[in-house]
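Participant: Have a look at this one before I ask anything.
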Amino acid sequence: MIRFSVSNDTIELESYSDNATLVELAAGLEDFRRTCNLKTTHCRGCGECCGDDIPVLGFDIPRLMEGTSLSIDDLKLSVLTMPEAPDLQSREKAIRELARAHDFSRLNATLLYEYNNSEPVTLARGDDGTCLFLKNKLCTKYDHRPYACGLYLCNMGEKLAFLHEMIVRQGTWHMYSVLGWIPEEAIGHNPFMRASSYTELRVKDFDVDLRSALEALFFYF
Ligand code: SF4
Ligand code: SF4
């Protein structure tokens with residue numbers, strides 16, 4: 001069970017049960033937005049958010065392969081925009097320094113580092129600057145679109161937006177592992193490593209509130 005509410009013209013996550021999954025979160029948000037009489041109640045067709053950089057996470061790859069009939073290598077050539085691979089030595093050094101300087105646990109230092117250093121693989125853009133799958137303001141790959149498209153709304157409340165960010169950033173590090181850019185053991189804490197699809201990922205595993213630590217570290221990154 002997942003509950004949403006409306007506050008200051010935004011949609012906020014109110015509560016969720018222990019076993020609520022990421023699939024239920026996106027589906028629940030999609031249902032709720034249609035009922036609350038806000039801008040996004042009838043947002044089908046606006047398409048403005050499809051002009052943003054759309055993150056593609058590890059579990060999106062099989063969906064995109066199925067939806068486009070392309071191999072992962074062909075996706076890289078024509079559908080995805082690839083970031084630079086992370087520098088693993090710098091990563092390790094920064095996490096150690098962060099933990100030592102601020103007395104954070106290794107896990108919190110790692111999560112903070114990953115939150116601030118996660119350039120995602122994104123969907124390529126067409127000639128008009130919007131997502132290459134957007135045609136006449138409609139998504140031509142709706143059933144195979146990346147998870148981040150399905151969870152996103154332009155009027156999400158603070159908690160929901162932060163949760164979205166945590167999912168995208170942890171999913172980005174998992175994507176690095178899928179691409180062979182980081183060994184699995186280096187991201188053993190990542191919830192994506194214990195699942196094989198979005199239906200096996202629980203909301204509560206991403207509900208780690210790093211906001212106060214992030215504010216304290218504003219000048220670090
Ligand atoms: S969520 Fe996207 S499509 Fe919907 S109203 Fe906002 S910008 Fe437009
Ligand atoms: S995949 Fe579809 S929903 Fe996602 S950005 Fe592209 S057109 Fe928009």
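Ligands are numbered from 1 in the order shown, chains are lettered A, B, ... in the order of the structure tokens, and residues start at 1 in each chain.
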Write out as a Markdown table a residue-level contact list of chain A versus ligand 2 with cut-off 7 Å: for each qualifying residue the closest pair of atoms and the distance in Å to one decimal, counting only C-alpha atoms and all ligand atoms, rows sorted by chain and residue number upward.
Facilitator:
```
| residue | atom | partner | partner_atom_place_in_ligand_line | distance |
| --- | --- | --- | --- | --- |
| A:Gly47 | CA | ligand 2 | 8 (Fe) | 6.5 |
| A:Cys49 | CA | ligand 2 | 5 (S) | 6.8 |
| A:Cys50 | CA | ligand 2 | 5 (S) | 3.9 |
| A:Gly51 | CA | ligand 2 | 5 (S) | 6.8 |
| A:Ile54 | CA | ligand 2 | 5 (S) | 5.8 |
| A:Cys131 | CA | ligand 2 | 6 (Fe) | 4.6 |
| A:Leu132 | CA | ligand 2 | 6 (Fe) | 6.4 |
| A:Phe133 | CA | ligand 2 | 7 (S) | 4.5 |
| A:Leu134 | CA | ligand 2 | 7 (S) | 3.9 |
| A:Leu138 | CA | ligand 2 | 7 (S) | 6.4 |
| A:Cys139 | CA | ligand 2 | 7 (S) | 3.9 |
| A:Thr140 | CA | ligand 2 | 2 (Fe) | 6.4 |
| A:Lys141 | CA | ligand 2 | 2 (Fe) | 5.7 |
| A:Tyr142 | CA | ligand 2 | 2 (Fe) | 5.5 |
| A:Arg145 | CA | ligand 2 | 1 (S) | 4.4 |
| A:Pro146 | CA | ligand 2 | 1 (S) | 6.1 |
| A:Cys149 | CA | ligand 2 | 4 (Fe) | 4.7 |
```
Participant: For ligand 1, list the contacting residues at 12 Å or closer, counting only C-alpha atoms and all ligand atoms, as a ChimeraX atom specification.
Facilitator: /A:10-11,29-30,33-34,37-52,54,134,137-139,148-156
Participant: I'd like the contact shell of Ala109 of chain A - 6 Å cut-off, only C-alpha atoms, skipping same-chain residues fewer than 4 positions apart - returned as an NGL selection string.
Facilitator: :A and (95 or 98-99 or 104)
Participant: Could you save the residues just selected, with C-alpha atoms, as a short mmCIF file (atom, residue, chain, number, x, y, z; two decimals), in the first residue's frame?
Facilitator:
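Below is the file out06.cif, written as the result:
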```cif
data_model
loop_
_atom_site.label_atom_id
_atom_site.label_comp_id
_atom_site.auth_asym_id
_atom_site.auth_seq_id
_atom_site.Cartn_x
_atom_site.Cartn_y
_atom_site.Cartn_z
CA ILE A 95 35.13 7.96 0.08
CA LEU A 98 34.89 11.81 3.37
CA ALA A 99 34.47 9.16 6.07
CA PHE A 104 30.72 9.22 8.58
#
```
Participant: What's around segment 172-176 of chain A at 8 Å? Count only C-alpha atoms, leave out sequence neighbours fewer than 3 positions away in its own chain, and write the answer as a PDB file with N, CA and C atoms, in the first residue's frame.
Facilitator:
```pdb
ATOM      1  N   PRO A  55      17.568   9.562 -17.521  1.00  0.00           N
ATOM      2  CA  PRO A  55      18.503   8.522 -17.090  1.00  0.00           C
ATOM      3  C   PRO A  55      18.032   7.130 -17.501  1.00  0.00           C
ATOM      4  N   VAL A  56      18.980   6.331 -17.924  1.00  0.00           N
ATOM      5  CA  VAL A  56      18.699   4.930 -18.268  1.00  0.00           C
ATOM      6  C   VAL A  56      19.464   4.072 -17.271  1.00  0.00           C
ATOM      7  N   LEU A  57      18.739   3.274 -16.496  1.00  0.00           N
ATOM      8  CA  LEU A  57      19.348   2.462 -15.435  1.00  0.00           C
ATOM      9  C   LEU A  57      19.558   1.033 -15.942  1.00  0.00           C
ATOM     10  N   GLY A  58      20.309   0.250 -15.154  1.00  0.00           N
ATOM     11  CA  GLY A  58      20.672  -1.094 -15.604  1.00  0.00           C
ATOM     12  C   GLY A  58      19.473  -1.945 -15.997  1.00  0.00           C
ATOM     13  N   PHE A  59      18.405  -1.901 -15.176  1.00  0.00           N
ATOM     14  CA  PHE A  59      17.236  -2.739 -15.470  1.00  0.00           C
ATOM     15  C   PHE A  59      16.426  -2.221 -16.664  1.00  0.00           C
ATOM     16  N   ALA A  85      33.407   6.714 -17.984  1.00  0.00           N
ATOM     17  CA  ALA A  85      33.458   5.719 -16.913  1.00  0.00           C
ATOM     18  C   ALA A  85      34.064   6.349 -15.664  1.00  0.00           C
ATOM     19  N   GLU A 114      28.420   8.648  -3.960  1.00  0.00           N
ATOM     20  CA  GLU A 114      27.699   8.171  -5.146  1.00  0.00           C
ATOM     21  C   GLU A 114      26.564   9.123  -5.533  1.00  0.00           C
ATOM     22  N   SER A 118      27.328  10.767  -9.944  1.00  0.00           N
ATOM     23  CA  SER A 118      26.633   9.713 -10.689  1.00  0.00           C
ATOM     24  C   SER A 118      26.091  10.311 -11.986  1.00  0.00           C
ATOM     25  N   GLU A 119      26.938  10.383 -12.954  1.00  0.00           N
ATOM     26  CA  GLU A 119      26.481  10.901 -14.248  1.00  0.00           C
ATOM     27  C   GLU A 119      25.818   9.753 -15.009  1.00  0.00           C
ATOM     28  N   PRO A 120      24.516   9.832 -15.234  1.00  0.00           N
ATOM     29  CA  PRO A 120      23.834   8.667 -15.808  1.00  0.00           C
ATOM     30  C   PRO A 120      24.050   8.499 -17.307  1.00  0.00           C
ATOM     31  N   VAL A 121      23.895   7.277 -17.755  1.00  0.00           N
ATOM     32  CA  VAL A 121      23.642   7.023 -19.176  1.00  0.00           C
ATOM     33  C   VAL A 121      22.273   7.646 -19.457  1.00  0.00           C
ATOM     34  N   VAL A 168      17.512   6.964  -9.006  1.00  0.00           N
ATOM     35  CA  VAL A 168      18.290   7.211 -10.238  1.00  0.00           C
ATOM     36  C   VAL A 168      19.781   7.104  -9.963  1.00  0.00           C
ATOM     37  N   ARG A 169      20.229   7.654  -8.850  1.00  0.00           N
ATOM     38  CA  ARG A 169      21.686   7.674  -8.620  1.00  0.00           C
ATOM     39  C   ARG A 169      22.216   6.289  -8.236  1.00  0.00           C
ATOM     40  N   LEU A 179      27.740  -2.286 -17.165  1.00  0.00           N
ATOM     41  CA  LEU A 179      28.657  -1.946 -18.263  1.00  0.00           C
ATOM     42  C   LEU A 179      30.084  -2.459 -18.019  1.00  0.00           C
ATOM     43  N   GLY A 180      30.299  -3.042 -16.834  1.00  0.00           N
ATOM     44  CA  GLY A 180      31.633  -3.563 -16.507  1.00  0.00           C
ATOM     45  C   GLY A 180      32.601  -2.482 -16.070  1.00  0.00           C
ATOM     46  N   TRP A 181      32.059  -1.333 -15.613  1.00  0.00           N
ATOM     47  CA  TRP A 181      32.913  -0.207 -15.230  1.00  0.00           C
ATOM     48  C   TRP A 181      33.310  -0.247 -13.760  1.00  0.00           C
ATOM     49  N   ILE A 182      32.608  -1.039 -12.967  1.00  0.00           N
ATOM     50  CA  ILE A 182      32.941  -1.139 -11.540  1.00  0.00           C
ATOM     51  C   ILE A 182      32.647  -2.567 -11.100  1.00  0.00           C
ATOM     52  N   ILE A 187      29.994  -2.285  -5.004  1.00  0.00           N
ATOM     53  CA  ILE A 187      28.676  -1.686  -4.765  1.00  0.00           C
ATOM     54  C   ILE A 187      27.722  -2.723  -4.168  1.00  0.00           C
ATOM     55  N   ASN A 190      24.361  -1.669  -2.804  1.00  0.00           N
ATOM     56  CA  ASN A 190      23.372  -1.102  -3.722  1.00  0.00           C
ATOM     57  C   ASN A 190      22.164  -2.042  -3.846  1.00  0.00           C
ATOM     58  N   PHE A 192      20.002  -2.480  -6.050  1.00  0.00           N
ATOM     59  CA  PHE A 192      19.871  -3.089  -7.377  1.00  0.00           C
ATOM     60  C   PHE A 192      20.656  -4.399  -7.478  1.00  0.00           C
ATOM     61  N   MET A 193      21.720  -4.526  -6.654  1.00  0.00           N
ATOM     62  CA  MET A 193      22.549  -5.725  -6.740  1.00  0.00           C
ATOM     63  C   MET A 193      21.847  -6.943  -6.156  1.00  0.00           C
TER      64      MET A 193
END
```
Participant: Going by DSSP on the backbone, which bits of segment 32-216 of chain A are alpha helix (DSSP H)? Write them as a PyMOL selection string, please.
Facilitator: chain A and resi 32-33+60-68+72-78+88-102+106-116+147-151+158-178+211-216
Participant: If you keep C-alpha atoms, can you produce a file of those selected residues as a PDB file, in the first residue's frame?
Facilitator:
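In the end it all went to again.pdb:
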```
ATOM      1  CA  PHE A  32      -2.956   9.338  -8.059  1.00  0.00           C
ATOM      2  CA  ARG A  33      -1.998  12.103 -10.482  1.00  0.00           C
ATOM      3  CA  ASP A  60      16.048  -0.506 -18.335  1.00  0.00           C
ATOM      4  CA  ILE A  61      18.444  -2.148 -20.785  1.00  0.00           C
ATOM      5  CA  PRO A  62      16.432  -5.385 -21.306  1.00  0.00           C
ATOM      6  CA  ARG A  63      13.250  -3.300 -21.711  1.00  0.00           C
ATOM      7  CA  LEU A  64      14.892  -1.073 -24.313  1.00  0.00           C
ATOM      8  CA  MET A  65      16.383  -4.063 -26.125  1.00  0.00           C
ATOM      9  CA  GLU A  66      12.924  -5.628 -26.327  1.00  0.00           C
ATOM     10  CA  GLY A  67      11.222  -2.375 -27.344  1.00  0.00           C
ATOM     11  CA  THR A  68      13.726  -1.538 -30.081  1.00  0.00           C
ATOM     12  CA  ILE A  72      23.114  -3.546 -26.181  1.00  0.00           C
ATOM     13  CA  ASP A  73      25.961  -2.570 -28.517  1.00  0.00           C
ATOM     14  CA  ASP A  74      23.511  -1.104 -31.018  1.00  0.00           C
ATOM     15  CA  LEU A  75      21.687   0.716 -28.209  1.00  0.00           C
ATOM     16  CA  LYS A  76      25.006   2.309 -27.259  1.00  0.00           C
ATOM     17  CA  LEU A  77      25.526   3.420 -30.853  1.00  0.00           C
ATOM     18  CA  SER A  78      22.110   4.876 -31.608  1.00  0.00           C
ATOM     19  CA  LEU A  88      37.736   4.005  -9.368  1.00  0.00           C
ATOM     20  CA  GLN A  89      40.945   5.134  -7.645  1.00  0.00           C
ATOM     21  CA  SER A  90      39.606   8.669  -7.165  1.00  0.00           C
ATOM     22  CA  ARG A  91      36.330   7.195  -5.933  1.00  0.00           C
ATOM     23  CA  GLU A  92      38.007   5.108  -3.271  1.00  0.00           C
ATOM     24  CA  LYS A  93      40.209   7.997  -2.139  1.00  0.00           C
ATOM     25  CA  ALA A  94      37.270  10.422  -1.913  1.00  0.00           C
ATOM     26  CA  ILE A  95      35.132   7.964   0.081  1.00  0.00           C
ATOM     27  CA  ARG A  96      37.965   7.353   2.555  1.00  0.00           C
ATOM     28  CA  GLU A  97      38.587  11.088   2.998  1.00  0.00           C
ATOM     29  CA  LEU A  98      34.886  11.813   3.374  1.00  0.00           C
ATOM     30  CA  ALA A  99      34.469   9.163   6.070  1.00  0.00           C
ATOM     31  CA  ARG A 100      37.575  10.315   7.960  1.00  0.00           C
ATOM     32  CA  ALA A 101      36.996  14.075   7.750  1.00  0.00           C
ATOM     33  CA  HIS A 102      33.323  14.001   8.746  1.00  0.00           C
ATOM     34  CA  ARG A 106      31.877   3.892   5.304  1.00  0.00           C
ATOM     35  CA  LEU A 107      28.341   3.224   4.008  1.00  0.00           C
ATOM     36  CA  ASN A 108      27.143   6.811   4.454  1.00  0.00           C
ATOM     37  CA  ALA A 109      30.352   8.189   2.948  1.00  0.00           C
ATOM     38  CA  THR A 110      29.872   5.867  -0.041  1.00  0.00           C
ATOM     39  CA  LEU A 111      26.212   6.848  -0.491  1.00  0.00           C
ATOM     40  CA  LEU A 112      27.098  10.538  -0.290  1.00  0.00           C
ATOM     41  CA  TYR A 113      29.915  10.139  -2.781  1.00  0.00           C
ATOM     42  CA  GLU A 114      27.699   8.171  -5.146  1.00  0.00           C
ATOM     43  CA  TYR A 115      24.853  10.681  -4.794  1.00  0.00           C
ATOM     44  CA  ASN A 116      27.181  13.473  -5.873  1.00  0.00           C
ATOM     45  CA  TYR A 147      11.726   3.531 -15.177  1.00  0.00           C
ATOM     46  CA  ALA A 148      12.676   7.157 -14.452  1.00  0.00           C
ATOM     47  CA  CYS A 149      10.148   8.342 -17.083  1.00  0.00           C
ATOM     48  CA  GLY A 150       7.355   6.438 -15.346  1.00  0.00           C
ATOM     49  CA  LEU A 151       8.138   7.787 -11.890  1.00  0.00           C
ATOM     50  CA  GLU A 158      10.307  17.230  -1.782  1.00  0.00           C
ATOM     51  CA  LYS A 159      10.309  13.705  -0.357  1.00  0.00           C
ATOM     52  CA  LEU A 160       9.116  12.109  -3.573  1.00  0.00           C
ATOM     53  CA  ALA A 161      11.656  14.050  -5.640  1.00  0.00           C
ATOM     54  CA  PHE A 162      14.474  13.039  -3.308  1.00  0.00           C
ATOM     55  CA  LEU A 163      13.408   9.387  -3.477  1.00  0.00           C
ATOM     56  CA  HIS A 164      13.384   9.644  -7.284  1.00  0.00           C
ATOM     57  CA  GLU A 165      16.933  11.006  -7.148  1.00  0.00           C
ATOM     58  CA  MET A 166      18.129   8.222  -4.846  1.00  0.00           C
ATOM     59  CA  ILE A 167      16.694   5.579  -7.184  1.00  0.00           C
ATOM     60  CA  VAL A 168      18.290   7.211 -10.238  1.00  0.00           C
ATOM     61  CA  ARG A 169      21.686   7.674  -8.620  1.00  0.00           C
ATOM     62  CA  GLN A 170      21.895   4.171  -7.125  1.00  0.00           C
ATOM     63  CA  GLY A 171      20.546   2.817 -10.412  1.00  0.00           C
ATOM     64  CA  THR A 172      23.276   4.715 -12.239  1.00  0.00           C
ATOM     65  CA  TRP A 173      26.013   3.016 -10.205  1.00  0.00           C
ATOM     66  CA  HIS A 174      24.328  -0.302 -10.875  1.00  0.00           C
ATOM     67  CA  MET A 175      24.383   0.595 -14.576  1.00  0.00           C
ATOM     68  CA  TYR A 176      28.144   1.165 -14.302  1.00  0.00           C
ATOM     69  CA  SER A 177      28.383  -2.399 -13.011  1.00  0.00           C
ATOM     70  CA  VAL A 178      26.249  -3.722 -15.911  1.00  0.00           C
ATOM     71  CA  ARG A 211      19.634  15.648   2.916  1.00  0.00           C
ATOM     72  CA  SER A 212      21.021  17.063   6.186  1.00  0.00           C
ATOM     73  CA  ALA A 213      24.434  15.530   5.485  1.00  0.00           C
ATOM     74  CA  LEU A 214      24.294  16.901   1.951  1.00  0.00           C
ATOM     75  CA  GLU A 215      23.549  20.400   3.237  1.00  0.00           C
ATOM     76  CA  ALA A 216      26.472  20.184   5.677  1.00  0.00           C
TER      77      ALA A 216
END
```
Participant: Could you give me, as a list in words, each residue of segment 25-171 of chain A that DSSP assigns to strand (DSSP E) when run on this structure's backbone?
Facilitator: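 Residues of segment 25-171 of chain A classed as strand (DSSP E): Pro55, Val56, Leu80, Thr81, Val121, Thr122, Leu123, Leu134, Lys135, Leu138 and Cys139 of chain A.
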Participant: Put those residues in a file: C-alpha atoms, as a compact mmCIF listing (two decimals), in the first residue's frame.
Facilitator:
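Written file, result.txt:
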```txt
# COMPACT_ATOMS: atom_id res chain seq x y z
CA PRO A 55 18.50 8.52 -17.09
CA VAL A 56 18.70 4.93 -18.27
CA LEU A 80 22.07 5.95 -25.54
CA THR A 81 24.37 8.82 -24.66
CA VAL A 121 23.64 7.02 -19.18
CA THR A 122 20.83 8.94 -20.88
CA LEU A 123 18.50 8.58 -23.83
CA LEU A 134 9.02 11.37 -28.69
CA LYS A 135 6.89 11.77 -31.81
CA LEU A 138 3.66 11.10 -27.59
CA CYS A 139 6.07 8.41 -26.40
```
Participant: Find the residues around Leu25 of chain A up to 9 Å (only C-alpha atoms counted), leave out those fewer than 2 positions away in its own chain, and share them as an mmCIF file with N, CA and C atoms, in the first residue's frame.
Facilitator:
```cif
data_model
loop_
_atom_site.group_PDB
_atom_site.id
_atom_site.type_symbol
_atom_site.label_atom_id
_atom_site.label_comp_id
_atom_site.auth_asym_id
_atom_site.auth_seq_id
_atom_site.Cartn_x
_atom_site.Cartn_y
_atom_site.Cartn_z
ATOM 1 N N ILE A 2 0.580 2.172 -0.922
ATOM 2 C CA ILE A 2 1.339 3.415 -0.997
ATOM 3 C C ILE A 2 0.337 4.569 -1.012
ATOM 4 N N TYR A 16 4.100 4.295 2.909
ATOM 5 C CA TYR A 16 4.112 3.077 2.094
ATOM 6 C C TYR A 16 4.353 1.889 3.009
ATOM 7 N N ALA A 20 6.364 -2.520 -0.173
ATOM 8 C CA ALA A 20 5.996 -1.793 -1.402
ATOM 9 C C ALA A 20 7.186 -1.756 -2.358
ATOM 10 N N THR A 21 6.930 -1.997 -3.626
ATOM 11 C CA THR A 21 8.019 -2.084 -4.611
ATOM 12 C C THR A 21 8.090 -0.814 -5.477
ATOM 13 N N LEU A 22 9.180 -0.703 -6.230
ATOM 14 C CA LEU A 22 9.320 0.452 -7.124
ATOM 15 C C LEU A 22 8.269 0.443 -8.230
ATOM 16 N N VAL A 23 7.850 -0.747 -8.651
ATOM 17 C CA VAL A 23 6.799 -0.826 -9.672
ATOM 18 C C VAL A 23 5.490 -0.285 -9.094
ATOM 19 N N ALA A 27 3.345 2.996 -10.394
ATOM 20 C CA ALA A 27 1.938 2.780 -10.776
ATOM 21 C C ALA A 27 1.011 3.591 -9.869
ATOM 22 N N GLY A 28 1.321 3.632 -8.572
ATOM 23 C CA GLY A 28 0.502 4.390 -7.624
ATOM 24 C C GLY A 28 0.534 5.878 -7.939
ATOM 25 N N LEU A 29 1.708 6.386 -8.299
ATOM 26 C CA LEU A 29 1.823 7.806 -8.646
ATOM 27 C C LEU A 29 1.023 8.121 -9.909
ATOM 28 N N GLU A 30 1.104 7.232 -10.876
ATOM 29 C CA GLU A 30 0.361 7.417 -12.127
ATOM 30 C C GLU A 30 -1.146 7.445 -11.860
ATOM 31 N N LEU A 151 8.272 7.267 -13.258
ATOM 32 C CA LEU A 151 8.138 7.787 -11.890
ATOM 33 C C LEU A 151 8.092 9.310 -11.876
ATOM 34 N N VAL A 203 10.718 0.121 -1.995
ATOM 35 C CA VAL A 203 10.825 1.576 -1.795
ATOM 36 C C VAL A 203 11.696 1.869 -0.588
#
```
Participant: Between A:Thr130, A:His189, A:Ser69, A:Pro83, which has the minimum distance to Asn117 of chain A (counting only C-alpha atoms)?
Facilitator: A:Pro83
Participant: Measure the distance from atom CA of Glu200 of chain A to atom CA of Asn19 of chain A in Å and round it to one decimal.
Facilitator: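 So the two atoms, atom CA of Glu200 of chain A and atom CA of Asn19 of chain A, lie 9.5 Å apart.
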Participant: Mind giving me the straight-line distance from atom CA of Ser15 of chain A to atom CA of Tyr198 of chain A in Å, one decimal?
Facilitator: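 Rounded to one decimal, the two atoms are 19.2 Å apart.
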